[in-house]
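The structure file my_file.tsv is reproduced below (TSV, C-alpha atoms).
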```tsv
chain	number	residue	atom	x	y	z
A	286	MET	CA	-35.55	116.51	-1.95
A	287	ARG	CA	-32.41	114.49	-2.86
A	288	LYS	CA	-31.65	114.29	-6.60
A	289	PRO	CA	-31.59	110.79	-8.15
A	290	THR	CA	-28.01	109.62	-8.82
A	291	PRO	CA	-26.95	108.12	-12.19
A	292	ILE	CA	-26.74	104.66	-10.67
A	293	LEU	CA	-30.29	104.92	-9.38
A	294	LEU	CA	-31.52	105.95	-12.85
A	295	SER	CA	-29.69	103.09	-14.53
A	296	VAL	CA	-31.20	100.51	-12.18
A	297	THR	CA	-34.69	101.98	-12.76
A	298	VAL	CA	-34.33	101.75	-16.56
A	299	LEU	CA	-33.15	98.14	-16.35
A	300	LEU	CA	-36.10	97.24	-14.17
A	301	ILE	CA	-38.58	98.75	-16.62
A	302	VAL	CA	-37.01	96.98	-19.59
A	303	SER	CA	-37.14	93.64	-17.81
A	304	LEU	CA	-40.83	94.02	-17.07
A	305	ALA	CA	-41.50	94.90	-20.66
A	306	CYS	CA	-39.78	91.76	-21.95
A	307	VAL	CA	-41.66	89.39	-19.67
A	308	LEU	CA	-45.18	90.60	-20.44
A	309	PRO	CA	-45.20	92.12	-23.94
A	310	SER	CA	-48.70	91.12	-24.91
A	311	ILE	CA	-50.56	92.06	-21.81
A	312	PRO	CA	-51.15	95.66	-21.34
A	313	VAL	CA	-50.30	96.51	-17.87
A	314	THR	CA	-51.09	99.64	-16.30
A	315	ALA	CA	-48.08	100.61	-14.29
A	316	PRO	CA	-49.02	101.46	-10.77
A	317	THR	CA	-48.21	104.78	-9.56
A	318	MET	CA	-45.12	104.44	-7.41
A	319	ASP	CA	-43.80	106.72	-4.83
A	320	PRO	CA	-40.42	107.90	-6.13
A	321	ASN	CA	-39.17	108.00	-2.56
A	322	SER	CA	-40.20	104.37	-1.87
A	323	LEU	CA	-38.51	103.17	-5.05
A	324	GLY	CA	-35.34	104.99	-4.22
A	325	THR	CA	-35.34	103.54	-0.74
A	326	ALA	CA	-35.70	99.94	-2.01
A	327	ILE	CA	-32.96	100.40	-4.60
A	328	MET	CA	-30.67	101.88	-1.98
A	329	GLN	CA	-31.28	98.96	0.44
A	330	THR	CA	-30.46	96.50	-2.38
A	331	MET	CA	-27.18	98.23	-3.15
A	332	VAL	CA	-26.14	98.45	0.51
A	333	SER	CA	-26.81	94.73	1.00
A	334	ALA	CA	-24.71	93.88	-2.08
A	335	LEU	CA	-21.85	96.05	-0.93
A	336	THR	CA	-21.98	94.55	2.56
A	337	GLN	CA	-21.73	91.00	1.20
A	338	THR	CA	-18.83	91.94	-1.06
A	339	ALA	CA	-17.00	93.57	1.81
A	340	ALA	CA	-17.41	90.43	3.96
A	341	VAL	CA	-15.98	88.17	1.26
A	342	VAL	CA	-13.14	90.22	-0.10
A	343	VAL	CA	-10.63	90.84	2.66
A	344	PRO	CA	-7.39	92.36	1.48
A	345	VAL	CA	-4.41	90.61	3.10
A	346	ASP	CA	-0.93	92.06	3.23
A	347	ILE	CA	1.02	88.81	2.80
A	348	VAL	CA	4.38	90.44	3.13
A	349	ASN	CA	3.70	92.48	6.24
A	350	SER	CA	1.26	90.21	8.02
A	351	ALA	CA	2.66	88.44	11.05
A	352	VAL	CA	2.88	84.69	10.83
A	353	PRO	CA	1.20	83.25	13.90
A	354	THR	CA	3.60	81.57	16.25
A	355	PHE	CA	2.56	78.32	17.82
A	356	THR	CA	4.11	77.45	21.15
A	357	PRO	CA	4.39	73.66	21.46
A	358	GLU	CA	3.03	72.15	24.60
A	359	PRO	CA	5.77	71.14	27.01
A	360	THR	CA	6.68	67.48	27.03
A	361	LEU	CA	6.19	66.08	30.49
A	362	SER	CA	9.07	63.92	31.69
A	363	PRO	CA	8.25	60.94	33.88
A	364	THR	CA	8.79	61.48	37.58
A	365	VAL	CA	12.12	59.98	38.64
A	366	THR	CA	12.14	58.20	41.98
A	367	LEU	CA	15.49	58.69	43.67
A	368	SER	CA	16.90	55.71	45.53
A	369	PRO	CA	18.96	56.34	48.66
A	370	ALA	CA	22.67	56.43	47.93
A	371	ALA	CA	24.55	53.28	48.87
A	372	LEU	CA	26.73	53.55	51.96
A	373	PHE	CA	30.35	52.56	51.41
A	374	THR	CA	32.66	51.50	54.21
A	375	VAL	CA	36.01	53.17	53.86
A	376	THR	CA	38.91	50.86	54.66
A	377	PRO	CA	41.53	52.80	56.58
A	378	LEU	CA	44.93	53.07	54.89
A	379	VAL	CA	46.68	52.31	58.18
A	380	PRO	CA	45.47	49.10	59.87
A	381	LEU	CA	44.00	49.51	63.36
A	382	ILE	CA	44.11	47.11	66.30
A	383	SER	CA	41.88	46.70	69.36
A	384	VAL	CA	41.79	43.97	72.00
A	385	SER	CA	39.10	42.13	73.95
A	386	VAL	CA	41.42	41.59	76.95
A	387	ASP	CA	43.86	44.12	78.41
A	388	THR	CA	47.20	43.23	76.78
A	389	ASN	CA	50.76	44.17	77.76
A	390	CYS	CA	52.91	46.11	75.32
A	391	ARG	CA	56.62	45.21	75.44
A	392	THR	CA	59.96	46.34	74.06
A	393	GLY	CA	60.01	43.24	71.85
A	394	PRO	CA	57.76	40.46	70.56
A	395	GLY	CA	57.83	38.13	73.57
A	396	LYS	CA	57.47	37.80	77.32
A	397	VAL	CA	61.23	37.99	77.78
A	398	TYR	CA	61.07	41.68	76.83
A	399	ASP	CA	60.28	44.37	79.37
A	400	ARG	CA	56.73	45.64	79.71
A	401	VAL	CA	56.55	49.35	78.85
A	402	GLY	CA	52.80	49.87	78.39
A	403	ALA	CA	49.47	48.22	77.73
A	404	LEU	CA	46.68	48.28	75.15
A	405	MET	CA	43.46	48.34	77.15
A	406	VAL	CA	39.97	47.21	76.16
A	407	GLY	CA	38.26	50.07	74.31
A	408	GLU	CA	41.52	51.58	73.02
A	409	VAL	CA	42.46	51.59	69.33
A	410	ALA	CA	46.01	51.90	67.98
A	411	GLU	CA	47.60	52.06	64.56
A	412	VAL	CA	49.63	49.05	63.46
A	413	ARG	CA	52.99	49.95	61.95
A	414	GLY	CA	54.57	46.51	61.54
A	415	ARG	CA	54.62	42.85	62.52
A	416	ASP	CA	57.16	40.26	63.60
A	417	PRO	CA	58.10	37.35	61.28
A	418	THR	CA	55.91	34.91	63.22
A	419	GLY	CA	52.80	37.10	62.94
A	420	GLY	CA	52.13	36.79	66.65
A	421	TYR	CA	53.11	40.31	67.73
A	422	TRP	CA	52.29	43.73	66.28
A	423	TYR	CA	54.30	46.94	66.40
A	424	ILE	CA	52.19	49.92	67.55
A	425	PRO	CA	52.63	53.39	69.07
A	426	ASN	CA	52.89	52.96	72.84
A	427	PRO	CA	49.44	53.85	74.27
A	428	ASP	CA	51.09	54.98	77.54
A	429	ARG	CA	54.11	56.90	76.21
A	430	SER	CA	54.17	59.53	73.50
A	431	ASN	CA	56.77	59.25	70.72
A	432	ALA	CA	57.49	55.62	71.66
A	433	PHE	CA	56.56	52.23	70.19
A	434	CYS	CA	56.07	48.74	71.58
A	435	TRP	CA	54.98	45.22	70.65
A	436	VAL	CA	51.54	43.87	71.56
A	437	TRP	CA	50.46	40.22	71.47
A	438	GLY	CA	47.76	39.46	68.91
A	439	GLU	CA	45.99	36.63	70.77
A	440	TYR	CA	43.02	38.82	71.77
A	441	ALA	CA	43.33	41.33	68.94
A	442	THR	CA	40.82	42.46	66.30
A	443	PHE	CA	42.08	44.26	63.19
A	444	THR	CA	40.55	46.79	60.82
A	445	GLY	CA	42.26	47.28	57.48
A	446	ASN	CA	44.77	45.30	55.46
A	447	THR	CA	47.57	43.91	57.63
A	448	GLY	CA	49.09	41.89	54.78
A	449	ALA	CA	50.95	44.93	53.45
A	450	LEU	CA	52.62	45.73	56.78
A	451	PRO	CA	56.43	45.59	56.84
A	452	LEU	CA	58.23	42.84	58.75
A	453	TYR	CA	60.33	44.24	61.58
A	454	THR	CA	63.34	42.38	62.95
A	455	PRO	CA	62.89	41.94	66.72
A	456	PRO	CA	65.45	43.68	68.92
A	457	PRO	CA	68.05	41.51	70.65
A	458	THR	CA	66.69	39.47	73.52
A	459	PRO	CA	67.54	41.21	76.78
A	460	THR	CA	69.86	39.49	79.21
A	461	PRO	CA	67.55	37.56	81.55
A	462	LEU	CA	67.60	38.63	85.17
A	463	PRO	CA	66.98	36.42	88.22
A	464	ALA	CA	63.85	37.21	90.19
A	465	PHE	CA	61.44	35.36	92.45
A	466	GLU	CA	58.57	35.89	94.86
A	467	ALA	CA	58.35	34.27	98.31
A	468	ASP	CA	55.16	33.97	100.39
A	469	TYR	CA	54.56	32.46	103.81
A	470	SER	CA	52.51	29.28	103.37
A	471	ASP	CA	52.15	27.34	106.66
A	472	LEU	CA	53.63	26.28	110.02
A	473	ASP	CA	54.05	22.50	110.40
A	474	ALA	CA	55.17	20.35	113.33
A	475	CYS	CA	56.36	16.82	114.00
A	476	VAL	CA	59.60	16.58	115.90
A	477	GLY	CA	59.99	20.33	116.15
A	478	TRP	CA	58.30	23.14	114.18
A	479	TRP	CA	59.18	24.49	110.73
A	480	VAL	CA	57.89	27.13	108.36
A	481	GLU	CA	56.90	26.53	104.73
A	482	PHE	CA	57.30	29.07	101.94
A	483	GLN	CA	55.91	29.13	98.42
A	484	LEU	CA	58.56	30.24	95.89
A	485	THR	CA	57.73	31.41	92.32
A	486	ASN	CA	60.43	32.06	89.72
A	487	THR	CA	59.41	35.38	88.10
A	488	GLY	CA	62.73	35.98	86.33
A	489	GLY	CA	64.39	34.71	83.18
A	490	ILE	CA	66.89	32.20	84.56
A	491	THR	CA	66.64	28.84	86.31
A	492	PHE	CA	67.56	28.55	89.98
A	493	LYS	CA	69.61	25.54	91.16
A	494	SER	CA	70.47	26.32	94.78
A	495	ILE	CA	68.97	27.98	97.82
A	496	SER	CA	70.04	29.39	101.16
A	497	LEU	CA	67.73	30.79	103.85
A	498	THR	CA	67.75	32.08	107.39
A	499	ILE	CA	64.74	32.51	109.70
A	500	ARG	CA	65.19	34.79	112.72
A	501	ASP	CA	62.73	35.00	115.58
A	502	LEU	CA	62.77	38.70	116.43
A	503	GLU	CA	61.22	38.06	119.83
A	504	THR	CA	63.70	35.39	121.05
A	505	ASP	CA	66.70	36.32	118.85
A	506	THR	CA	66.80	32.73	117.64
A	507	ASP	CA	68.02	31.79	114.12
A	508	VAL	CA	67.64	28.68	111.99
A	509	SER	CA	69.55	28.42	108.68
A	510	MET	CA	70.15	26.05	105.76
A	511	SER	CA	71.70	25.80	102.29
A	512	ALA	CA	70.94	23.21	99.62
A	513	ASP	CA	71.28	22.44	95.92
A	514	LYS	CA	67.68	21.31	95.83
A	515	PHE	CA	64.27	22.54	96.93
A	516	THR	CA	62.75	20.29	99.59
A	517	ASP	CA	59.21	20.21	100.98
A	518	LEU	CA	58.65	18.32	104.25
A	519	ASP	CA	55.28	16.59	104.51
A	520	ALA	CA	54.84	16.42	108.29
A	521	CYS	CA	56.65	13.40	109.68
A	522	LEU	CA	55.80	11.02	106.90
A	523	ASP	CA	57.48	12.06	103.71
A	524	SER	CA	59.27	14.77	101.78
A	525	SER	CA	59.69	15.76	98.15
A	526	SER	CA	62.50	17.60	96.37
A	527	GLU	CA	63.15	19.37	93.06
A	528	ASP	CA	66.62	19.94	91.59
A	529	SER	CA	65.81	23.27	89.96
A	530	LEU	CA	63.22	26.01	89.74
A	531	SER	CA	62.64	27.15	86.14
A	532	PRO	CA	61.15	30.51	85.06
A	533	GLY	CA	57.42	30.57	85.76
A	534	GLU	CA	57.46	27.53	88.06
A	535	THR	CA	56.32	27.44	91.70
A	536	THR	CA	57.48	25.12	94.48
A	537	THR	CA	57.20	24.75	98.27
A	538	VAL	CA	60.27	24.88	100.50
A	539	SER	CA	60.47	23.96	104.19
A	540	THR	CA	62.82	25.64	106.68
A	541	PRO	CA	64.92	23.90	109.34
A	542	THR	CA	63.02	23.10	112.53
A	543	PHE	CA	62.61	25.20	115.66
A	544	ALA	CA	62.93	23.51	119.06
A	545	TYR	CA	59.88	25.44	120.23
A	546	ASP	CA	56.60	26.60	118.74
A	547	PRO	CA	57.15	30.04	117.06
A	548	ASN	CA	53.46	30.50	116.41
A	549	GLY	CA	52.49	34.16	116.95
A	550	HIS	CA	56.08	35.41	116.94
A	551	GLN	CA	57.41	38.08	114.62
A	552	LEU	CA	59.81	36.31	112.21
A	553	ARG	CA	62.14	37.62	109.53
A	554	ALA	CA	63.06	35.53	106.49
A	555	THR	CA	66.17	35.99	104.32
A	556	ILE	CA	66.03	33.78	101.22
A	557	THR	CA	68.65	33.65	98.44
A	558	LEU	CA	68.27	31.73	95.16
A	559	CYS	CA	71.18	31.22	92.73
A	560	SER	CA	71.50	30.04	89.14
A	561	ALA	CA	74.26	27.53	89.94
A	562	THR	CA	74.79	24.94	92.62
A	563	GLY	CA	76.72	25.83	95.76
A	564	GLN	CA	75.10	29.28	95.83
A	565	GLU	CA	77.07	30.35	92.77
A	566	GLY	CA	76.17	32.11	89.54
A	567	ALA	CA	73.55	34.83	89.39
A	568	CYS	CA	71.88	35.18	92.77
A	569	VAL	CA	68.99	37.24	94.10
A	570	THR	CA	67.81	37.71	97.70
A	571	GLU	CA	64.43	38.51	99.23
A	572	VAL	CA	64.01	39.72	102.83
A	573	PHE	CA	60.59	40.10	104.49
A	574	LYS	CA	58.82	39.79	107.85
A	575	PHE	CA	55.86	37.61	108.69
A	576	LYS	CA	54.01	36.13	111.67
A	577	PRO	CA	52.82	32.46	111.59
```

Using C-alpha cells, write down the structure from this file.
Amino acid sequence: MRKPTPILLSVTVLLIVSLACVLPSIPVTAPTMDPNSLGTAIMQTMVSALTQTAAVVVPVDIVNSAVPTFTPEPTLSPTVTLSPAALFTVTPLVPLISVSVDTNCRTGPGKVYDRVGALMVGEVAEVRGRDPTGGYWYIPNPDRSNAFCWVWGEYATFTGNTGALPLYTPPPTPTPLPAFEADYSDLDACVGWWVEFQLTNTGGITFKSISLTIRDLETDTDVSMSADKFTDLDACLDSSSEDSLSPGETTTVSTPTFAYDPNGHQLRATITLCSATGQEGACVTEVFKFKP
C-alpha cells in the first residue's frame, strides 16, 4: 500500500476541521471511509487544479520568441489596355519625283536642249535642283549612270520638300541646228501633174528659201525649182504661199509640173531648205524615194 504524503494529510485535516465548524451542535457519526477512496478523490482534485494552472500560466520567452511576420497582400494594378502605336510617315530628306506621262530628260531646262534620256511612268528619281522658273528639275539621268539631266515638271508628282532645293543656272543654250522632215502627200493634176510634199520644221532655226528636184527613175526625167517662199497649188483654181517656215510649223509645198502622169513610177526627191533667201545661210537637205 502507498504511504499517505504530507500534502494528503494536510488536506484531510483541513476537511475535518471544516466539517466540525459547520455542525458543532449536532453529533455526527462520521461514516467509515475507505482510506483508498479518500486518497483517490483528493488526488483527482489536485490533478484538476494543477491542470487548470498549467493551461493558464504559459511562460513566454519575450526576448527569444520570434515575432510573427505578416506578408501584405499584393496590390493588384489595373489592367492596362495598350493602344496600337501611331504610324508616322517619314518624309525623305531628298525630294523624289515621278511622272504620270513619259517625259524627256534634256541637257538643259527647255526643248532647245538635246534629249539625253527619259523619266518613264513608274520610275522614281531623286531631285537635286531646280531652274529659276520652277518648270524644270535636275535629276540623275535614268538612262545613263553618273550623268544628270533636266526633266519637265508638267506631269510630275513630288515627295518631300522641294523648297529647299538649290537653284541651278541653266547651261548655255546650244546653237540651233536646221532640220526638217518631208513626206509625200499627194499627186495633183490640172494642166500637167505635180507632186505635193508636207514639210515640218523639226530644227531650231527658221527656213526662208527652198530648192527641190524630182527625178523619175523610170524615164530619167527631172523637174526642178527654187523659191524664197513655200507655195501650195490647189488644183487649177488657187494657190497659197508662206514666206517662212518657223521651228515646229508644218506646210505643204507643190513641185513643178510633169508633162505626163508619173503615177506608179519610182521617183526620187531632193529637197533643200535654207535659213536665208536665195538658198543662203544654214541649209539642210533631205533625199528620199517614193512612188505616187

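Considering all atoms listed in the file, the residue among A:Lys576, A:Thr504, A:Ile382, A:Val406 positioned nearest to Tyr545 in chain A is A:Thr504.
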
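Comparing the minimum interatomic distances between Leu404 in chain A and each of A:Asp523, A:Asp428, A:Asp416, A:Asp471, counting all atoms listed in the file, we find that A:Asp428 sits nearest.
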
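Comparing the minimum interatomic distances between Ala567 in chain A and each of A:Ile495, A:Val409, A:Leu381, A:Cys475, counting all atoms listed in the file, we find that A:Ile495 sits nearest.
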
Report as an mmCIF file with C-alpha atoms, in the coordinates of the input all protein, DNA and RNA residues lying within 12 Å of Val401 in chain A, evaluated on all atoms listed in the file, omitting residues in the same chain fewer than 4 positions from it.
```cif
data_model
loop_
_atom_site.group_PDB
_atom_site.id
_atom_site.type_symbol
_atom_site.label_atom_id
_atom_site.label_comp_id
_atom_site.auth_asym_id
_atom_site.auth_seq_id
_atom_site.Cartn_x
_atom_site.Cartn_y
_atom_site.Cartn_z
ATOM 1 C CA THR A 388 47.200 43.230 76.780
ATOM 2 C CA ASN A 389 50.760 44.170 77.760
ATOM 3 C CA CYS A 390 52.910 46.110 75.320
ATOM 4 C CA ARG A 391 56.620 45.210 75.440
ATOM 5 C CA THR A 392 59.960 46.340 74.060
ATOM 6 C CA GLY A 393 60.010 43.240 71.850
ATOM 7 C CA LYS A 396 57.470 37.800 77.320
ATOM 8 C CA PRO A 425 52.630 53.390 69.070
ATOM 9 C CA ASN A 426 52.890 52.960 72.840
ATOM 10 C CA PRO A 427 49.440 53.850 74.270
ATOM 11 C CA ASP A 428 51.090 54.980 77.540
ATOM 12 C CA ARG A 429 54.110 56.900 76.210
ATOM 13 C CA SER A 430 54.170 59.530 73.500
ATOM 14 C CA ALA A 432 57.490 55.620 71.660
ATOM 15 C CA PHE A 433 56.560 52.230 70.190
ATOM 16 C CA CYS A 434 56.070 48.740 71.580
ATOM 17 C CA TRP A 435 54.980 45.220 70.650
ATOM 18 C CA VAL A 436 51.540 43.870 71.560
#
```

- Query: Between CA of Leu530 in chain A and CA of Lys514 in chain A, what is the spacing in Å?
  - Reply: 8.9 Å

- Message: The residues within 8 Å of (63.0, 39.1, 101.0), using only C-alpha atoms and the coordinates of the file, should be reported as a list in words; which are they?
- Response: Ala467, Ala554, Thr555, Ile556, Thr570, Glu571, Val572 and Phe573 of chain A

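Between CA of Gln551 in chain A and CA of Gly488 in chain A the interatomic distance comes to 28.9 Å.
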
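The gap separating CA of Pro463 in chain A from CA of Ser509 in chain A is 22.1 Å, in Å to one decimal.
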
- What's the 6 Å shell around Ile499 in chain A, counting all atoms listed in the file, without same-chain residues fewer than 2 positions away, as a ChimeraX atom specification? /A:507-508,553-554

Return as JSON lines the residues of range 497-566 of chain A lying at most 8 Å from range 481-485 of chain A, together with the closest atom-to-atom pair for each and the distance in Å to one decimal, counting all atoms listed in the file, with rows in chain order and ascending residue number.
```
{"residue": "A:Asp517", "atom": "CA", "partner": "A:Glu481", "partner_atom": "CA", "distance": 7.7}
{"residue": "A:Gly533", "atom": "CA", "partner": "A:Thr485", "partner_atom": "CA", "distance": 6.6}
{"residue": "A:Glu534", "atom": "CA", "partner": "A:Thr485", "partner_atom": "CA", "distance": 5.8}
{"residue": "A:Thr535", "atom": "CA", "partner": "A:Thr485", "partner_atom": "CA", "distance": 4.3}
{"residue": "A:Thr536", "atom": "CA", "partner": "A:Leu484", "partner_atom": "CA", "distance": 5.4}
{"residue": "A:Thr537", "atom": "CA", "partner": "A:Gln483", "partner_atom": "CA", "distance": 4.6}
{"residue": "A:Val538", "atom": "CA", "partner": "A:Phe482", "partner_atom": "CA", "distance": 5.3}
{"residue": "A:Ser539", "atom": "CA", "partner": "A:Glu481", "partner_atom": "CA", "distance": 4.4}
{"residue": "A:Thr540", "atom": "CA", "partner": "A:Glu481", "partner_atom": "CA", "distance": 6.3}
```

Create the file for the chosen residues now, containing C-alpha atoms and written as a compact mmCIF listing (two decimals), in the coordinates of the input.
```
# COMPACT_ATOMS: atom_id res chain seq x y z
CA ASP A 517 59.21 20.21 100.98
CA GLY A 533 57.42 30.57 85.76
CA GLU A 534 57.46 27.53 88.06
CA THR A 535 56.32 27.44 91.70
CA THR A 536 57.48 25.12 94.48
CA THR A 537 57.20 24.75 98.27
CA VAL A 538 60.27 24.88 100.50
CA SER A 539 60.47 23.96 104.19
CA THR A 540 62.82 25.64 106.68
```

- Can you pull out every residue within 10 Å of Gly438 in chain A, counting all atoms listed in the file, but drop anything in the same chain fewer than 3 positions away, and send it as a VMD selection string? chain A and resid 382 to 384 388 415 419 to 422 435 441 to 443

Please save C-alpha atoms of the selected residues as a compact mmCIF listing (two decimals), in the frame of the given file.
```
# COMPACT_ATOMS: atom_id res chain seq x y z
CA ILE A 382 44.11 47.11 66.30
CA SER A 383 41.88 46.70 69.36
CA VAL A 384 41.79 43.97 72.00
CA THR A 388 47.20 43.23 76.78
CA ARG A 415 54.62 42.85 62.52
CA GLY A 419 52.80 37.10 62.94
CA GLY A 420 52.13 36.79 66.65
CA TYR A 421 53.11 40.31 67.73
CA TRP A 422 52.29 43.73 66.28
CA TRP A 435 54.98 45.22 70.65
CA ALA A 441 43.33 41.33 68.94
CA THR A 442 40.82 42.46 66.30
CA PHE A 443 42.08 44.26 63.19
```
